[in-house]
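Below is one structure, written out as structure tokens, with a few remarks after it.
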Amino acid sequence: MTSAMITTNQLNVAQLLREAIGACRAYDFQDRITVSESRPSVINGSARLMRTDAGILVEAKAHTDVIVTCSRCLSESTVPIELKFHEEYLPTIDIDSGLPVNVPFTTFAIDKNHILDLSDALQQYALLEIPIKALCTTECKGLCATCGQNLNTGTCNCSSKIDPRWSTLENLINKANKAS
């Protein structure tokens with residue numbers, strides 16, 4: 001099966017809907033999606049579409065880089081995202097009669113012009129892949145709790161004096177470190 005390169009996440013599947021169950025198409029795609037912080041990201045991927053008894057099963061793989069805010073130092077960094085998903089898209093219009101078909105609200109739908117749009121699925125799966133606590137690097141030092149200085153770019157002149165309310169805990173930690 002050969003694949004066609006497209007520069008959009010929207011595929012006209014009218015011909016595939018007319019074919020027998022099991023008929024397949026393959027596409028390589030490149031497009032822009034907005035995943036985080038309202039900035040579009042270029043997404044590259046491939047999709048295999050297979051006719052099912054109810055609609056079209058999409059097996060997609062894609063990758064993109066998204067810009068996230070580091071949870072320690074609040075600087076922006078780029079995180080690579082790899083996606084894989086299988087979703088069945090159901091038609092909203094019967095291909096033969098042209099009459100509307102009831103599609104559950106929770107499923108992905110093929111619109112009235114027989115366009116299958118991968119954008120929503122790509123965006124949803126990309127959002128799920130963004131780390132909950134993203135870091136610019138694994139060695140990120142974060143911000144000074146007193147003055148807010150980014151400790152990755154330099155040191156600050158704040159004292160490292162510990163709040164006396166935590167001194168008992170500090171003593172326990174010191175005892176545990178000496179015991180081990």
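Chain labels run A, B, ... following the order of the structure tokens; each chain numbers its residues from 1, and ligands are numbered from 1 in the order shown.
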
Self-check item: Selection near Asn9 of chain A, 7 Å with only C-alpha atoms, sequence-local residues under 6 positions removed, as a list in words
Solution: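 Residues near the query, excluding close chain neighbours: Phe29, Asp31, Asp117, Leu118 and Ser119 of chain A.
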
Quiz prompt | 9 Å contact set for segment 144-156 of chain A, only C-alpha atoms, chain neighbours under 2 positions out, as a PyMOL selection string | solution = chain A and resi 73-75+139-142+158-159

Keeping N, CA and C atoms, export the residues of the selection given above as a CSV table (one decimal), in the first residue's frame.
chain,number,residue,atom,x,y,z
A,73,CYS,N,11.9,26.6,37.0
A,73,CYS,CA,12.5,27.9,36.8
A,73,CYS,C,11.6,28.8,35.9
A,74,LEU,N,10.5,28.3,35.4
A,74,LEU,CA,9.5,29.1,34.6
A,74,LEU,C,10.0,29.5,33.3
A,75,SER,N,11.2,29.0,32.8
A,75,SER,CA,11.6,29.3,31.5
A,75,SER,C,11.0,28.4,30.5
A,139,GLU,N,18.6,18.6,35.3
A,139,GLU,CA,19.4,19.3,36.3
A,139,GLU,C,18.9,20.7,36.7
A,140,CYS,N,17.7,21.1,36.3
A,140,CYS,CA,17.2,22.4,36.6
A,140,CYS,C,17.3,22.7,38.1
A,141,LYS,N,17.8,23.9,38.4
A,141,LYS,CA,18.0,24.3,39.8
A,141,LYS,C,16.8,25.1,40.3
A,142,GLY,N,16.0,25.6,39.4
A,142,GLY,CA,14.8,26.3,39.8
A,142,GLY,C,15.0,27.7,40.2
A,158,CYS,N,20.9,35.9,48.6
A,158,CYS,CA,20.0,35.6,49.8
A,158,CYS,C,20.7,34.6,50.7
A,159,SER,N,20.4,34.8,52.0
A,159,SER,CA,21.0,33.9,53.0
A,159,SER,C,20.3,32.5,52.9

Exercise. Find the distance between atom CA of Pro91 of chain A and atom CA of Ala14 of chain A and write it in Å to one decimal.
Key: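 Calculated distance between atom CA of Pro91 of chain A and atom CA of Ala14 of chain A is 9.7 Å.
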
Practice problem: Give me the residues within 9 Å of Thr107 of chain A as a ChimeraX atom specification, counting only C-alpha atoms and dropping any in the same chain fewer than 4 places off. | Solution: /A:87-90,103

Dump as a CSV table (one decimal), in the first residue's frame, selection limited to C-alpha atoms:
chain,number,residue,atom,x,y,z
A,87,GLU,CA,-9.9,5.9,16.7
A,88,GLU,CA,-13.0,5.0,14.7
A,89,TYR,CA,-14.6,7.9,12.9
A,90,LEU,CA,-18.3,7.6,12.1
A,103,VAL,CA,-23.6,9.8,15.7

Quick one: which segment 106-140 of chain A residues come within 10 Å of segment 41-48 of chain A, and what is the nearest atom pair for each with the distance in Å to one decimal, counting only C-alpha atoms, rows ordered by chain and ascending number, as JSON lines?
{"residue": "A:Leu118", "atom": "CA", "partner": "A:Ala47", "partner_atom": "CA", "distance": 9.2}
{"residue": "A:Leu122", "atom": "CA", "partner": "A:Ile43", "partner_atom": "CA", "distance": 8.8}
{"residue": "A:Gln123", "atom": "CA", "partner": "A:Ile43", "partner_atom": "CA", "distance": 9.9}
{"residue": "A:Ala126", "atom": "CA", "partner": "A:Ile43", "partner_atom": "CA", "distance": 9.9}

Quiz prompt | Contacts of Asp94 of chain A at 10 Å (only C-alpha atoms; same-chain gap of 4+ positions) as a PyMOL selection string | solution = chain A and resi 17+90+98-102+112+114

Exercise. Could you check how far atom CA of Ile56 of chain A sits from atom CA of Ala23 of chain A, in Å to one decimal?
Key: 9.5 Å

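Residue nearest Gly55 of chain A, chosen from A:Ala26, A:Val13, A:Leu127, A:Cys136 and counting only C-alpha atoms: A:Val13.
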
Exercise. Determine the nearest neighbour of Ser36 of chain A from the options A:Leu128, A:Leu11, A:Val58, A:Ala179, counting only C-alpha atoms.
Key: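 Between A:Leu128, A:Leu11, A:Val58, A:Ala179, the residue approaching Ser36 of chain A most closely is A:Leu128.
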
Quiz prompt | Best match for closeness to Ile130 of chain A among A:Ile95, A:Ile162, A:Ile173, A:Cys70, counting only C-alpha atoms | solution = A:Cys70

Practice problem: Choose the residue, out of A:Leu49, A:Gln30, A:Glu19, A:Leu135, that has the smallest atom-to-atom separation from Ile67 of chain A; count only C-alpha atoms. | Solution: A:Leu135

Quiz item: How many Å lie between atom CA of Ser77 of chain A and atom CA of Ala134 of chain A, rounded to one decimal?
Solution: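 Atom CA of Ala134 of chain A lies at a distance of 8.6 Å from atom CA of Ser77 of chain A.
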